[in-house]
Amino acid sequence: MPELPEVEVLRRDLEVEVVGAQVVSVVVTGARTVRRQDPGELVTRLAGARLTAAGRAGKYLLMALDGGPDTLVVHLRMSGQLILTAPDAPRPAHTHAVIHLADGRELRFVDPRTFGELFVSREPPGPLGADPSDPSWRPTDLAGVVAGRQARLKALLMDQRRLAGLGNIYSDEALFAAGLRFDRPAGSLGRREVARLHGAIVETLAAAVTHRGSTLGDGGYVDLHGRPGAHQDHHRVYAREGRPCLRCGRTVVRLRLGNRSTFLCPTCQS
DNA sequence: ACGCCCGCCTGTAAGC
DNA sequence: TGCTTACAGGCGGGCG
């Protein structure tokens with residue numbers, strides 16, 4: 001659910017609200033929340049640190065500690081939320097970690113499905129491909145990713161090692177905007193199709209950030225203040241199965257790629 | 001190496 | 001009405 005746009009909205013919120021704040025203490029209660037290291041090590045490295053910058057790498061949130069190499073890394077995975085509140089606000093169920101700030105506010109990590117994680121590291125979070133929201137990301141970069149690949153286009157777009165930040169929603173939306181089918185062999189794209197897809201990805205992500213991300217029916221994503229986004233009202237194919245295509249009027253269909261839903265217009269996408 | 005599938009989780013909603 | 005089942009999906013691991 002949280003993909004690049006949702007994580008970017010959260011990063012911007014953190015930049016405004018949290019950068020400059022000092023951590024007093026951290027309480028980790030979730031059994032799986034800190035799993036790349038001893039939770040005690042994370043608590044020790046965070047306690048007393050100042051949060052000096054808010055960054056993002058693909059879907060990872062990065063908070064620099066004391067300007068140094070240590071970085072607090074947060075991945076929301078499916079259902080994670082990072083919420084900044086007053087300490088007397090009711091603590092929601094599935095609150096797995098609380099970062100207490102010096103001014104009394106709490107930064108809470110809430111995650112019903114427990115796939116999300118926190119860790120403190122000096123290393124990059126994982127082997128990530130280029131960030132498609134980076135202004136220096138060009139059509140030739142995308143051409144290099146798809147060249148010679150047999151994998152289906154959508155699978156490649158969602159492979160974080162090739163391109164960092166797209167998930168199920170925005171890959172479907174970008175493929176619709178580009179007029180391309182999800183199951184095209186990636187390497188079969190011509191130069192003009194690659195250019196179209198590049199533009200579609202850039203514009204799709206930018207629009208989603210403008211609308212502060214997508215919050216689906218099940219609630220999932222909210223910003224740092226607990227508010228939902230509005231981009232779900234601008235989806236053009238995602239979760240629109242059985243409804244008319246907004247471009248041609250024919251019916252949007254839902255297919256399966258692996259165990260995941262894929263939405264497309266068979267007329268507009270080829 | 002490459003491509004693809006499963007399992008990890010739990011809340012919600014549809015189906016019987 | 002109450003129970004069961006399907007579904008949501010990012011990503012690591014493992015398979016062919």
# chains A, B, ... in the order shown; residues from 1 in each chain; ligands from 1
>>> select_by_dssp(residues="stretch 12-260 of chain A", states="helix (DSSP H, G or I)", output="number ranges by chain")
A: 12-17, 39-46, 139-146, 153-157, 168-178, 186-188, 191-210, 231-234
>>> closest_atom_pairs(of="chain B", to="chain A", cutoff="8 Å", atoms="only C-alpha atoms (C1' of nucleotides)", output="tab-separated table")
residue	atom	partner	partner_atom	distance
B:DG3	C1'	A:Ala151	CA	6.3
B:DC4	C1'	A:Gly258	CA	7.8
B:DC5	C1'	A:Gly258	CA	7.0
B:DC8	C1'	A:Phe115	CA	7.7
B:DC9	C1'	A:Arg113	CA	4.7
B:DT10	C1'	A:Arg113	CA	5.3
B:DG11	C1'	A:Pro112	CA	7.9
B:DT12	C1'	A:Asp218	CA	7.0
>>> closest_residue(among="A:Glu241, A:Asp134, A:Asp159, A:Asp70", to="C:DG10", atoms="only C-alpha atoms (C1' of nucleotides)")
A:Asp159
>>> closest_atom_pairs(of="chain C", to="chain A", cutoff="9 Å", atoms="only C-alpha atoms (C1' of nucleotides)", output="CSV")
residue,atom,partner,partner_atom,distance
C:DA8,C1',A:Asp218,CA,8.4
C:DG9,C1',A:Met78,CA,6.2
C:DG10,C1',A:Arg77,CA,5.3
C:DC11,C1',A:Arg77,CA,8.2
>>> atom_distance(atom1="atom CA of A:Pro124", atom2="atom CA of A:Glu41")
18.0 Å
>>> atom_distance(atom1="atom CA of A:Gln37", atom2="atom CA of A:Ala86")
28.6 Å
>>> residues_around(residues="A:Arg45", least_positions_apart="2", cutoff="12 Å", atoms="only C-alpha atoms (C1' of nucleotides)", output="PyMOL selection string")
chain A and resi 23-26+37-43+47-51+64-66+68-72+119-122
>>> atom_distance(atom1="atom CA of A:Gly165", atom2="atom CA of A:Arg181")
19.7 Å
>>> residues_around(residues="C:DG13", least_positions_apart="2", cutoff="10 Å", atoms="only C-alpha atoms (C1' of nucleotides)", output="PyMOL selection string")
(chain B and resi 6-7) or (chain C and resi 11+15)
>>> write_last_selection(atoms="N, CA, C and O atoms (P, O5', C5', C4', C3', O3' and C1' of nucleotides)", output="tab-separated table (two decimals), in the first residue's frame")
chain	number	residue	atom	x	y	z
B	6	DC	P	2.13	-20.17	-5.79
B	6	DC	O5'	2.86	-20.19	-4.38
B	6	DC	C5'	3.75	-21.25	-4.05
B	6	DC	C4'	4.43	-20.97	-2.73
B	6	DC	C3'	3.45	-20.68	-1.59
B	6	DC	O3'	3.86	-21.43	-0.46
B	6	DC	C1'	5.00	-18.89	-1.80
B	7	DG	P	2.80	-21.68	0.72
B	7	DG	O5'	3.41	-20.77	1.89
B	7	DG	C5'	4.74	-20.98	2.31
B	7	DG	C4'	5.18	-19.83	3.18
B	7	DG	C3'	4.19	-19.44	4.27
B	7	DG	O3'	4.89	-19.28	5.48
B	7	DG	C1'	4.75	-17.54	2.95
C	11	DC	P	9.16	-3.29	-1.07
C	11	DC	O5'	9.72	-4.71	-0.61
C	11	DC	C5'	9.77	-4.99	0.78
C	11	DC	C4'	10.14	-6.44	0.98
C	11	DC	C3'	11.32	-6.93	0.11
C	11	DC	O3'	12.17	-7.64	0.96
C	11	DC	C1'	9.53	-8.43	-0.01
C	15	DC	P	14.42	-24.89	-2.08
C	15	DC	O5'	13.65	-25.37	-3.39
C	15	DC	C5'	12.25	-25.14	-3.52
C	15	DC	C4'	11.94	-24.74	-4.95
C	15	DC	C3'	12.70	-25.57	-5.98
C	15	DC	O3'	11.79	-26.44	-6.65
C	15	DC	C1'	12.72	-23.23	-6.52
>>> residues_around(residues="B:DC16", least_positions_apart="5", cutoff="10 Å", atoms="only C-alpha atoms (C1' of nucleotides)", output="list in words")
DC3, DT4 and DT5 of chain C
